[in-house]
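Colleague: Provided herewith: my_file.pdb, PDB, C-alpha atoms (C1' of nucleotides).
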```pdb
ATOM      1  CA  MET A  22       3.492  -9.187 -32.458
ATOM      2  CA  GLN A  23       0.955 -10.363 -29.869
ATOM      3  CA  ILE A  24       0.945  -9.562 -26.209
ATOM      4  CA  GLY A  25       2.674 -12.824 -25.298
ATOM      5  CA  GLU A  26       5.703 -12.097 -27.429
ATOM      6  CA  LEU A  27       5.937  -8.540 -26.136
ATOM      7  CA  SER A  28       5.800  -9.999 -22.677
ATOM      8  CA  ASN A  29       8.622 -12.421 -23.428
ATOM      9  CA  ILE A  30      10.822  -9.741 -24.951
ATOM     10  CA  THR A  31      10.374  -7.201 -22.182
ATOM     11  CA  GLY A  32       9.893  -9.484 -19.214
ATOM     12  CA  VAL A  33       6.672  -7.679 -18.326
ATOM     13  CA  ALA A  34       3.682  -9.983 -17.709
ATOM     14  CA  ALA A  35       0.891  -9.823 -20.289
ATOM     15  CA  HIS A  36      -1.563  -8.936 -17.536
ATOM     16  CA  THR A  37       0.656  -6.089 -16.488
ATOM     17  CA  ILE A  38       0.888  -4.810 -20.060
ATOM     18  CA  ARG A  39      -2.916  -4.651 -20.247
ATOM     19  CA  PHE A  40      -2.897  -2.993 -16.856
ATOM     20  CA  TYR A  41      -0.446  -0.355 -18.081
ATOM     21  CA  GLU A  42      -2.642   0.298 -21.079
ATOM     22  CA  ALA A  43      -5.644   0.785 -18.806
ATOM     23  CA  ARG A  44      -3.639   3.199 -16.686
ATOM     24  CA  GLY A  45      -2.549   5.243 -19.678
ATOM     25  CA  LEU A  46       1.145   4.295 -19.589
ATOM     26  CA  LEU A  47       0.777   2.670 -22.970
ATOM     27  CA  PRO A  48      -1.438   3.957 -25.796
ATOM     28  CA  LYS A  49      -4.591   2.010 -26.620
ATOM     29  CA  SER A  50      -3.194  -0.787 -28.704
ATOM     30  CA  THR A  51      -4.397  -1.561 -32.194
ATOM     31  CA  ARG A  52      -6.203  -4.853 -32.647
ATOM     32  CA  GLY A  53      -5.941  -7.659 -35.150
ATOM     33  CA  SER A  54      -9.021  -8.977 -36.943
ATOM     34  CA  ASN A  55      -9.528 -11.421 -34.068
ATOM     35  CA  GLY A  56      -9.544  -8.656 -31.483
ATOM     36  CA  TYR A  57      -6.081  -9.532 -30.167
ATOM     37  CA  ARG A  58      -3.788  -6.615 -29.326
ATOM     38  CA  SER A  59      -0.893  -6.139 -31.728
ATOM     39  CA  TYR A  60       2.430  -4.507 -30.930
ATOM     40  CA  ASP A  61       5.641  -3.380 -32.625
ATOM     41  CA  GLN A  62       9.158  -2.189 -31.753
ATOM     42  CA  GLN A  63       7.826   1.109 -30.450
ATOM     43  CA  SER A  64       5.870  -0.843 -27.831
ATOM     44  CA  VAL A  65       9.085  -2.550 -26.747
ATOM     45  CA  ARG A  66      10.775   0.824 -26.417
ATOM     46  CA  LEU A  67       7.915   2.254 -24.388
ATOM     47  CA  LEU A  68       7.985  -0.666 -21.984
ATOM     48  CA  THR A  69      11.751  -0.292 -21.675
ATOM     49  CA  ILE A  70      11.294   3.335 -20.729
ATOM     50  CA  ILE A  71       8.630   2.421 -18.203
ATOM     51  CA  GLN A  72      10.960  -0.099 -16.591
ATOM     52  CA  CYS A  73      13.724   2.472 -16.469
ATOM     53  CA  ALA A  74      11.458   5.050 -14.835
ATOM     54  CA  LYS A  75      10.372   2.453 -12.303
ATOM     55  CA  ARG A  76      14.006   1.799 -11.462
ATOM     56  CA  LEU A  77      14.315   5.482 -10.622
ATOM     57  CA  GLY A  78      11.371   5.050  -8.278
ATOM     58  CA  PHE A  79       8.701   6.945 -10.200
ATOM     59  CA  LYS A  80       5.078   6.109  -9.564
ATOM     60  CA  LEU A  81       3.020   4.754 -12.446
ATOM     61  CA  GLU A  82       0.926   7.910 -12.354
ATOM     62  CA  ASN A  83       4.023  10.056 -12.859
ATOM     63  CA  ILE A  84       5.295   7.789 -15.589
ATOM     64  CA  ALA A  85       1.983   8.128 -17.406
ATOM     65  CA  GLU A  86       2.190  11.943 -17.353
ATOM     66  CA  PHE A  87       5.819  11.743 -18.210
ATOM     67  CA  LEU A  88       5.271   9.516 -21.246
ATOM     68  CA  GLY A  89       2.299  11.608 -22.245
ATOM     69  CA  ASP A  90       4.632  14.612 -22.401
ATOM     70  CA  ALA A  91       7.306  12.749 -24.314
ATOM     71  CA  ILE A  92       5.004  11.139 -26.849
ATOM     72  CA  THR A  93       2.645  13.985 -27.561
ATOM     73  CA  SER A  94       5.563  16.419 -27.605
ATOM     74  CA  ASN A  95       4.305  19.596 -29.210
ATOM     75  CA  ALA A  96       5.919  22.821 -30.406
ATOM     76  CA  ASP A  97       8.085  23.743 -27.441
ATOM     77  CA  GLU A  98      10.392  20.813 -26.847
ATOM     78  CA  LYS A  99      12.513  22.772 -24.426
ATOM     79  CA  LEU A 100       9.585  22.887 -22.047
ATOM     80  CA  ASP A 101       9.508  19.112 -22.038
ATOM     81  CA  HIS A 102      13.191  19.116 -21.216
ATOM     82  CA  ASP A 103      12.595  21.426 -18.260
ATOM     83  CA  LYS A 104       9.627  19.385 -17.102
ATOM     84  CA  LEU A 105      11.742  16.280 -17.142
ATOM     85  CA  LEU A 106      14.467  17.935 -15.090
ATOM     86  CA  GLN A 107      11.797  19.155 -12.701
ATOM     87  CA  ARG A 108      10.387  15.668 -12.276
ATOM     88  CA  LEU A 109      13.839  14.302 -11.629
ATOM     89  CA  ASP A 110      14.445  16.941  -8.980
ATOM     90  CA  VAL A 111      11.137  16.202  -7.290
ATOM     91  CA  ARG A 112      12.004  12.522  -7.177
ATOM     92  CA  LEU A 113      15.474  13.370  -5.894
ATOM     93  CA  GLN A 114      13.885  15.291  -3.052
ATOM     94  CA  GLU A 115      11.642  12.353  -2.204
ATOM     95  CA  VAL A 116      14.608  10.008  -2.200
ATOM     96  CA  ASP A 117      16.576  12.310   0.090
ATOM     97  CA  THR A 118      13.642  12.609   2.484
ATOM     98  CA  LEU A 119      13.205   8.856   2.613
ATOM     99  CA  MET A 120      16.892   8.345   3.187
ATOM    100  CA  ALA A 121      16.857  10.803   6.062
ATOM    101  CA  THR A 122      13.941   8.921   7.642
ATOM    102  CA  LEU A 123      15.745   5.620   7.268
ATOM    103  CA  GLU A 124      18.942   7.025   8.700
ATOM    104  CA  ALA A 125      17.035   8.262  11.729
ATOM    105  CA  GLN A 126      15.462   4.827  12.179
ATOM    106  CA  ARG A 127      18.832   3.193  11.813
ATOM    107  CA  SER A 128      20.358   5.337  14.506
ATOM    108  CA  GLU A 129      17.401   4.792  16.870
ATOM    109  CA  ILE A 130      17.643   1.058  16.387
ATOM    110  CA  LEU A 131      21.364   1.068  17.120
ATOM    111  CA  THR A 132      20.841   3.131  20.264
ATOM    112  CA  PHE A 133      18.162   0.735  21.388
ATOM    113  CA  LYS A 134      20.373  -2.267  20.770
ATOM    114  CA  GLN A 135      23.117  -0.683  22.844
ATOM    115  CA  GLN A 136      20.699  -0.139  25.717
ATOM    116  CA  LEU A 137      19.694  -3.768  25.590
ATOM    117  CA  LYS A 138      23.321  -4.869  25.602
ATOM    118  CA  ASN A 139      24.085  -2.678  28.604
ATOM    119  CA  ASN A 140      21.149  -4.206  30.443
ATOM    120  CA  LEU A 141      22.346  -7.666  29.600
ATOM    121  CA  GLU A 142      25.873  -6.952  30.830
ATOM    122  CA  GLN A 143      24.454  -5.778  34.117
ATOM    123  CA  GLY A 144      22.777  -9.152  34.407
ATOM    124  CA  GLN A 145      19.301  -7.761  33.745
ATOM    125  CA  CYS A 146      17.822 -10.303  31.436
ATOM    126  CA  LEU A 147      14.305  -9.006  31.904
ATOM    127  CA  ILE A 148      12.975  -6.526  29.424
ATOM    128  CA  SER A 149      11.137  -3.821  31.238
ATOM    129  CA  MET A 150       8.423  -1.796  29.637
ATOM    130  CA  GLU A 151      10.371   1.337  30.490
ATOM    131  CA  ILE A 152      13.197   0.638  28.122
ATOM    132  CA  LEU A 153      10.695   0.211  25.333
ATOM    133  CA  GLU A 154       8.948   3.454  26.177
ATOM    134  CA  THR A 155      12.061   5.593  26.076
ATOM    135  CA  ALA A 156      13.884   4.020  23.184
TER     136      ALA A 156
ATOM    137  CA  MET B  22     -10.677   7.018  31.390
ATOM    138  CA  GLN B  23     -12.657   6.785  28.156
ATOM    139  CA  ILE B  24     -11.277   6.421  24.667
ATOM    140  CA  GLY B  25     -11.459  10.161  23.985
ATOM    141  CA  GLU B  26      -9.194  11.026  26.893
ATOM    142  CA  LEU B  27      -6.724   8.297  25.985
ATOM    143  CA  SER B  28      -6.746   9.708  22.484
ATOM    144  CA  ASN B  29      -6.020  13.216  23.753
ATOM    145  CA  ILE B  30      -3.207  12.071  26.013
ATOM    146  CA  THR B  31      -1.452   9.931  23.427
ATOM    147  CA  GLY B  32      -2.308  11.807  20.260
ATOM    148  CA  VAL B  33      -3.647   8.594  18.718
ATOM    149  CA  ALA B  34      -7.103   8.923  17.146
ATOM    150  CA  ALA B  35      -9.916   7.058  18.912
ATOM    151  CA  HIS B  36     -10.675   5.199  15.711
ATOM    152  CA  THR B  37      -7.070   4.127  15.502
ATOM    153  CA  ILE B  38      -7.103   2.908  19.098
ATOM    154  CA  ARG B  39     -10.108   0.685  18.304
ATOM    155  CA  PHE B  40      -8.293  -0.423  15.176
ATOM    156  CA  TYR B  41      -5.216  -1.384  17.204
ATOM    157  CA  GLU B  42      -7.400  -3.378  19.574
ATOM    158  CA  ALA B  43      -8.914  -5.229  16.620
ATOM    159  CA  ARG B  44      -5.435  -5.986  15.316
ATOM    160  CA  GLY B  45      -4.242  -7.301  18.654
ATOM    161  CA  LEU B  46      -1.802  -4.488  19.458
ATOM    162  CA  LEU B  47      -3.865  -3.605  22.492
ATOM    163  CA  PRO B  48      -5.656  -6.100  24.727
ATOM    164  CA  LYS B  49      -9.446  -6.299  24.535
ATOM    165  CA  SER B  50     -10.413  -3.350  26.682
ATOM    166  CA  THR B  51     -12.694  -3.656  29.659
ATOM    167  CA  ARG B  52     -16.053  -1.968  29.336
ATOM    168  CA  GLY B  53     -18.069   0.294  31.611
ATOM    169  CA  SER B  54     -21.726  -0.439  32.369
ATOM    170  CA  ASN B  55     -22.683   1.573  29.304
ATOM    171  CA  GLY B  56     -20.483  -0.509  27.029
ATOM    172  CA  TYR B  57     -17.877   2.226  26.637
ATOM    173  CA  ARG B  58     -14.243   1.129  26.648
ATOM    174  CA  SER B  59     -12.301   2.111  29.767
ATOM    175  CA  TYR B  60      -8.543   2.628  29.984
ATOM    176  CA  ASP B  61      -5.818   3.339  32.550
ATOM    177  CA  GLN B  62      -2.158   4.334  32.712
ATOM    178  CA  GLN B  63      -1.059   0.972  31.379
ATOM    179  CA  SER B  64      -2.993   1.724  28.205
ATOM    180  CA  VAL B  65      -1.094   4.990  27.861
ATOM    181  CA  ARG B  66       2.186   3.141  28.241
ATOM    182  CA  LEU B  67       1.226   0.546  25.673
ATOM    183  CA  LEU B  68       0.298   3.203  23.141
ATOM    184  CA  THR B  69       3.575   4.983  23.846
ATOM    185  CA  ILE B  70       5.452   1.789  23.113
ATOM    186  CA  ILE B  71       3.485   1.297  19.910
ATOM    187  CA  GLN B  72       4.375   4.786  18.767
ATOM    188  CA  CYS B  73       8.010   4.167  19.571
ATOM    189  CA  ALA B  74       8.048   0.906  17.626
ATOM    190  CA  LYS B  75       6.412   2.661  14.710
ATOM    191  CA  ARG B  76       9.170   5.277  14.772
ATOM    192  CA  LEU B  77      11.661   2.431  14.342
ATOM    193  CA  GLY B  78       9.677   1.373  11.295
ATOM    194  CA  PHE B  79       8.108  -1.817  12.604
ATOM    195  CA  LYS B  80       4.926  -3.076  10.978
ATOM    196  CA  LEU B  81       1.803  -3.301  13.105
ATOM    197  CA  GLU B  82       1.878  -7.065  12.736
ATOM    198  CA  ASN B  83       5.393  -7.200  14.203
ATOM    199  CA  ILE B  84       4.455  -4.819  16.979
ATOM    200  CA  ALA B  85       1.538  -7.050  17.885
ATOM    201  CA  GLU B  86       3.800 -10.111  18.189
ATOM    202  CA  PHE B  87       6.373  -8.028  19.964
ATOM    203  CA  LEU B  88       3.918  -6.704  22.546
ATOM    204  CA  GLY B  89       2.445 -10.147  22.923
ATOM    205  CA  ASP B  90       5.889 -11.377  23.948
ATOM    206  CA  ALA B  91       6.514  -8.500  26.315
ATOM    207  CA  ILE B  92       3.129  -8.595  28.032
ATOM    208  CA  THR B  93       2.645 -12.298  28.376
ATOM    209  CA  SER B  94       6.291 -12.734  29.368
ATOM    210  CA  ASN B  95       6.646 -16.171  30.859
ATOM    211  CA  ALA B  96       9.386 -18.030  32.691
ATOM    212  CA  ASP B  97      12.374 -17.417  30.463
ATOM    213  CA  GLU B  98      12.775 -13.668  30.235
ATOM    214  CA  LYS B  99      16.156 -13.956  28.565
ATOM    215  CA  LEU B 100      14.480 -15.500  25.580
ATOM    216  CA  ASP B 101      12.355 -12.404  25.233
ATOM    217  CA  HIS B 102      15.499 -10.346  25.358
ATOM    218  CA  ASP B 103      17.057 -12.358  22.563
ATOM    219  CA  LYS B 104      13.889 -12.209  20.509
ATOM    220  CA  LEU B 105      13.839  -8.456  20.840
ATOM    221  CA  LEU B 106      17.446  -8.196  19.686
ATOM    222  CA  GLN B 107      16.620 -10.480  16.816
ATOM    223  CA  ARG B 108      13.696  -8.344  15.741
ATOM    224  CA  LEU B 109      15.856  -5.248  15.895
ATOM    225  CA  ASP B 110      18.468  -6.898  13.708
ATOM    226  CA  VAL B 111      15.870  -7.965  11.175
ATOM    227  CA  ARG B 112      14.565  -4.429  10.991
ATOM    228  CA  LEU B 113      18.116  -3.112  10.714
ATOM    229  CA  GLN B 114      18.652  -5.373   7.725
ATOM    230  CA  GLU B 115      15.465  -4.092   6.105
ATOM    231  CA  VAL B 116      16.553  -0.506   6.672
ATOM    232  CA  ASP B 117      19.967  -1.164   5.154
ATOM    233  CA  THR B 118      18.417  -2.834   2.123
ATOM    234  CA  LEU B 119      16.029   0.058   1.588
ATOM    235  CA  MET B 120      18.848   2.561   1.931
ATOM    236  CA  ALA B 121      20.905   0.715  -0.652
ATOM    237  CA  THR B 122      17.965   0.819  -3.065
ATOM    238  CA  LEU B 123      17.473   4.516  -2.505
ATOM    239  CA  GLU B 124      21.149   5.225  -2.948
ATOM    240  CA  ALA B 125      21.107   3.369  -6.257
ATOM    241  CA  GLN B 126      18.096   5.396  -7.364
ATOM    242  CA  ARG B 127      19.777   8.581  -6.266
ATOM    243  CA  SER B 128      22.857   7.859  -8.303
ATOM    244  CA  GLU B 129      20.827   6.866 -11.381
ATOM    245  CA  ILE B 130      18.843  10.085 -11.153
ATOM    246  CA  LEU B 131      21.988  12.189 -10.900
ATOM    247  CA  THR B 132      23.520  10.425 -13.886
ATOM    248  CA  PHE B 133      20.366  11.032 -15.853
ATOM    249  CA  LYS B 134      20.306  14.706 -14.935
ATOM    250  CA  GLN B 135      23.885  15.056 -16.101
ATOM    251  CA  GLN B 136      23.021  13.513 -19.439
ATOM    252  CA  LEU B 137      20.182  15.960 -19.861
ATOM    253  CA  LYS B 138      22.464  18.870 -19.034
ATOM    254  CA  ASN B 139      25.044  17.720 -21.550
ATOM    255  CA  ASN B 140      22.346  17.532 -24.196
ATOM    256  CA  LEU B 141      21.167  21.003 -23.330
ATOM    257  CA  GLU B 142      24.679  22.444 -23.549
ATOM    258  CA  GLN B 143      25.035  20.968 -27.007
ATOM    259  CA  GLY B 144      21.922  22.868 -27.970
ATOM    260  CA  GLN B 145      19.749  19.771 -28.105
ATOM    261  CA  CYS B 146      16.575  20.907 -26.465
ATOM    262  CA  LEU B 147      14.593  17.950 -27.718
ATOM    263  CA  ILE B 148      14.288  14.956 -25.464
ATOM    264  CA  SER B 149      14.783  11.852 -27.474
ATOM    265  CA  MET B 150      13.334   8.534 -26.491
ATOM    266  CA  GLU B 151      16.818   7.072 -26.605
ATOM    267  CA  ILE B 152      18.097   8.983 -23.629
ATOM    268  CA  LEU B 153      15.168   7.710 -21.617
ATOM    269  CA  GLU B 154      15.781   4.142 -22.639
ATOM    270  CA  THR B 155      19.396   4.058 -21.594
ATOM    271  CA  ALA B 156      19.249   6.088 -18.416
TER     272      ALA B 156
ATOM    273  C1'  DT C  12     -11.527 -33.106 -34.059
ATOM    274  C1'  DA C  13     -10.087 -32.515 -29.805
ATOM    275  C1'  DT C  14      -6.679 -30.664 -26.921
ATOM    276  C1'  DA C  15      -3.564 -27.201 -25.520
ATOM    277  C1'  DA C  16      -1.925 -22.667 -25.659
ATOM    278  C1'  DG C  17      -2.937 -18.021 -26.259
ATOM    279  C1'  DT C  18      -6.158 -14.242 -26.093
ATOM    280  C1'  DT C  19     -10.334 -11.344 -24.378
ATOM    281  C1'  DT C  20     -13.020  -8.754 -20.446
ATOM    282  C1'  DA C  21     -14.422  -7.088 -15.914
ATOM    283  C1'  DA C  22     -14.232  -7.678 -11.257
ATOM    284  C1'  DA C  23     -12.265  -9.078  -7.177
ATOM    285  C1'  DG C  24      -8.185 -10.113  -4.302
ATOM    286  C1'  DT C  25      -3.480  -8.801  -1.973
ATOM    287  C1'  DA C  26      -0.828  -5.990   1.236
ATOM    288  C1'  DT C  27      -0.582  -1.971   4.772
ATOM    289  C1'  DA C  28      -2.403   1.290   7.959
ATOM    290  C1'  DC C  29      -5.551   3.568   8.523
ATOM    291  C1'  DT C  30      -9.859   6.842   7.602
ATOM    292  C1'  DT C  31     -14.540   7.480   6.439
ATOM    293  C1'  DT C  32     -19.255   6.405   6.536
ATOM    294  C1'  DA C  33     -23.587   5.113   8.337
ATOM    295  C1'  DA C  34     -26.725   4.337  11.695
ATOM    296  C1'  DG C  35     -27.458   4.507  16.165
ATOM    297  C1'  DG C  36     -27.014   4.471  21.633
ATOM    298  C1'  DT C  37     -25.431   7.419  26.048
ATOM    299  C1'  DC C  38     -24.638  11.259  28.898
ATOM    300  C1'  DA C  39     -24.101  16.010  30.853
ATOM    301  C1'  DA C  40     -25.826  20.490  30.655
ATOM    302  C1'  DC C  41     -29.230  24.066  29.894
TER     303       DC C  41
ATOM    304  C1'  DG D   7     -36.417  17.455  27.066
ATOM    305  C1'  DT D   8     -33.483  18.466  23.821
ATOM    306  C1'  DT D   9     -29.075  19.841  22.129
ATOM    307  C1'  DG D  10     -24.418  18.597  21.575
ATOM    308  C1'  DA D  11     -20.528  15.879  22.693
ATOM    309  C1'  DC D  12     -19.117  11.326  23.161
ATOM    310  C1'  DC D  13     -19.500   6.487  22.489
ATOM    311  C1'  DT D  14     -20.793   1.897  19.745
ATOM    312  C1'  DT D  15     -20.428  -1.370  15.471
ATOM    313  C1'  DA D  16     -19.474  -3.195  10.883
ATOM    314  C1'  DA D  17     -18.406  -2.241   6.402
ATOM    315  C1'  DA D  18     -16.513   0.302   2.901
ATOM    316  C1'  DG D  19     -13.070   3.613   1.121
ATOM    317  C1'  DT D  20      -8.010   5.257   0.238
ATOM    318  C1'  DA D  21      -3.535   4.600  -1.949
ATOM    319  C1'  DT D  22      -0.257   1.667  -4.944
ATOM    320  C1'  DA D  23       0.866  -1.796  -8.213
ATOM    321  C1'  DC D  24      -0.268  -5.402  -9.420
ATOM    322  C1'  DT D  25      -2.174 -10.508  -9.406
ATOM    323  C1'  DT D  26      -5.880 -13.666  -9.502
ATOM    324  C1'  DT D  27     -10.160 -15.335 -11.013
ATOM    325  C1'  DA D  28     -13.822 -16.512 -14.044
ATOM    326  C1'  DA D  29     -15.968 -17.233 -18.171
ATOM    327  C1'  DA D  30     -15.381 -17.272 -22.851
ATOM    328  C1'  DC D  31     -13.318 -16.963 -27.581
ATOM    329  C1'  DT D  32      -9.319 -18.046 -31.173
ATOM    330  C1'  DT D  33      -5.557 -20.420 -33.039
ATOM    331  C1'  DA D  34      -2.095 -23.970 -33.657
ATOM    332  C1'  DT D  35      -0.926 -28.737 -33.116
ATOM    333  C1'  DA D  36      -1.553 -33.750 -32.903
TER     334       DA D  36
END
```
Can you present the structure in this file as structure tokens?

Modeller:
Amino acid sequence: MQIGELSNITGVAAHTIRFYEARGLLPKSTRGSNGYRSYDQQSVRLLTIIQCAKRLGFKLENIAEFLGDAITSNADEKLDHDKLLQRLDVRLQEVDTLMATLEAQRSEILTFKQQLKNNLEQGQCLISMEILETA
Amino acid sequence: MQIGELSNITGVAAHTIRFYEARGLLPKSTRGSNGYRSYDQQSVRLLTIIQCAKRLGFKLENIAEFLGDAITSNADEKLDHDKLLQRLDVRLQEVDTLMATLEAQRSEILTFKQQLKNNLEQGQCLISMEILETA
DNA sequence: TATAAGTTTAAAGTATACTTTAAGGTCAAC
DNA sequence: GTTGACCTTAAAGTATACTTTAAACTTATA
């Protein structure tokens, strides 16, 4: 199939598919006699995997390595398995760190809102610089 | 004081201070006879506020608007108050949305890890494409 | 046959928050 | 008077994941 059909099937824009190829997420595609890229079911599966990895929050760079491992899997498949688990754990760490940051922001925002409400109840409608500085 | 001292006091790089001025987070600074920027305590306070707003996760663009409101506060100060609350609520929404995304990722990653472990226990050390596609 | 739809490439643009670079002027101290 | 620290500007670079643009070629349809 041509790039347009692959795009329709997977929901990934043709431009993006070429972009992924350039970034090494997809192998260099074979070409028809007219120079057009041609794809098959394996291409669909690869794009599906890429979309899945993106859902987990992996960067394209990681996905490229990741797929490189999976596709060019050599003798020791168990190593690949461990690598994959390792990558998942690294991402899990990142997610936890981000969540902690967001939780901190959330709590600071709520505190700040409360301060503003207190001010308002005391009839102070003016926002002083001080409250901003200490929030 | 000159930009270097302001930088030392606030911990914000001189380059970044110029950058903030260019982006409208800080007012156009007055200049000494030599053309050097000169600052005072108010500048320190403004930078402190900027750092605080950044901790809450606000974008520089929002901080610029935000400070514009606070500094050029006109007749109706209560409006500013409401605007501030509004901005905080918008940011709170963003934070909640991001947290939901991260939580979804977290749960998908854990599910995936479990699948890998099950495979491993069954003696399947090879990572098949299928498990990646469905994760 | 001409028009429309699909394909090709490389390069530039978008968004965010800076940092780095380059090339040069100013000032205090030795 | 020169060394070193500090200041100036504008432009480009960094990172990420694309999207947009331009200019051109191929194929299917009317």

Colleague: Have a look at B:Ala35, B:Leu109, B:Leu68, B:Met120 and name the one nearest to chain C; count only C-alpha atoms (C1' of nucleotides).

Modeller: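 The closest residue to chain C is B:Ala35.
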
Colleague: For chain D, which residues have at least one atom within 9 Å of chain B, if we go by only C-alpha atoms (C1' of nucleotides)? Write them as a PyMOL selection string, please.

Modeller: chain D and resi 12-14

Colleague: Can you check which residues of chain C have any atom within 10 Å of chain B? Use all atoms listed in the file and format it as a list in words.

Modeller: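 Within 10 Å of chain B on chain C, we get DT27, DA28, DC29, DT30, DG36, DT37 and DC38 of chain C.
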
Colleague: Could you check which of A:Ile38, A:Thr51, A:Leu27, A:Lys138 is closest to chain B, using all atoms listed in the file?

Modeller: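 Smallest distance to chain B is found for A:Lys138.
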
Colleague: Please evaluate the PyMOL selection byres ((chain C and resi 13-23) around 8) against the displayed coordinates and give the resulting residues as a ChimeraX atom specification.

Modeller: /A:25,56-57 /C:12,24 /D:27,30-33

Colleague: Starting from the shown file, work through the PyMOL selection byres ((chain B and resi 75) around 12) and note down what comes out as a PyMOL selection string.

Modeller: (chain A and resi 126+129-130+153-154+156) or (chain B and resi 46+68-74+76-85+87+112) or (chain C and resi 28)

Colleague: Apply the PyMOL selection byres ((chain A and resi 48) around 10) to the displayed file and report the matching residues as JSON, numbers by chain.

Modeller: {"A": [41, 42, 43, 44, 45, 46, 47, 49, 50, 51, 64, 67, 85, 88, 89, 92]}

Colleague: How would the residues just picked look written out with C-alpha atoms as a compact mmCIF listing (two decimals), in the coordinates of the input?

Modeller:
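Printed below is part22.txt as written:
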```
# COMPACT_ATOMS: atom_id res chain seq x y z
CA TYR A 41 -0.45 -0.36 -18.08
CA GLU A 42 -2.64 0.30 -21.08
CA ALA A 43 -5.64 0.78 -18.81
CA ARG A 44 -3.64 3.20 -16.69
CA GLY A 45 -2.55 5.24 -19.68
CA LEU A 46 1.14 4.30 -19.59
CA LEU A 47 0.78 2.67 -22.97
CA LYS A 49 -4.59 2.01 -26.62
CA SER A 50 -3.19 -0.79 -28.70
CA THR A 51 -4.40 -1.56 -32.19
CA SER A 64 5.87 -0.84 -27.83
CA LEU A 67 7.92 2.25 -24.39
CA ALA A 85 1.98 8.13 -17.41
CA LEU A 88 5.27 9.52 -21.25
CA GLY A 89 2.30 11.61 -22.24
CA ILE A 92 5.00 11.14 -26.85
```

Colleague: May I have the residues within 12 Å of DT9 in chain D as a list in words, using only C-alpha atoms (C1' of nucleotides) and disregarding those fewer than 4 positions away in the same chain?

Modeller: DC38, DA39, DA40 and DC41 of chain C

Colleague: Please determine an axis-aligned box that encloses all atoms of range 35-52 of chain A listed in the file, with 4 Å added on each side, and express its centre and edge lengths in Å to one decimal as lines of an AutoDock Vina configuration file.

Modeller:
```
center_x = -2.5
center_y = -2.3
center_z = -24.6
size_x = 15.3
size_y = 23.1
size_z = 24.2
```

Colleague: Check the smallest atom-to-atom distance from each of B:Ser54, B:Thr122, B:Ser28, B:Gln62 to chain A using only C-alpha atoms, then report the winner.

Modeller: B:Thr122

Colleague: Quick one, how far is CA of Leu113 in chain A from CA of Lys134 in chain B?

Modeller: 10.3 Å

Colleague: C1' of DT25 in chain C and CA of Gln114 in chain B are how many Å apart?

Modeller: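 Taking C1' of DT25 in chain C and CA of Gln114 in chain B, their separation equals 24.4 Å.
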
Colleague: Select, from A:Val116, A:Ile30, A:Val65, A:Ala121, the residue with the minimum atom-to-atom distance to chain B, counting all atoms listed in the file.

Modeller: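 The shortest atom-to-atom distance to chain B comes from A:Val116.
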
Colleague: Could you work out how far CA of Leu105 in chain B lies from CA of Ala125 in chain A, giving the answer in Å with one decimal?

Modeller: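 The value is 19.3 Å.
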
Colleague: Kindly indicate which residue among B:Asn140, B:His102, B:Arg39, B:Thr132 lies nearest to chain A, using only C-alpha atoms for the distances.

Modeller: B:His102

Colleague: So, with all atoms listed in the file as the atoms that count, which of A:Gln135, A:Val33, A:Leu123, A:Arg52 lies closest to chain B?

Modeller: A:Leu123

Colleague: I want to know what sits within 12 Å of DT31 in chain C, based on all atoms listed in the file, with residues of the same chain fewer than 6 positions away left out; could you give that as an MDAnalysis selection string?

Modeller: (chainID B and resid 36) or (chainID D and resid 17:20)
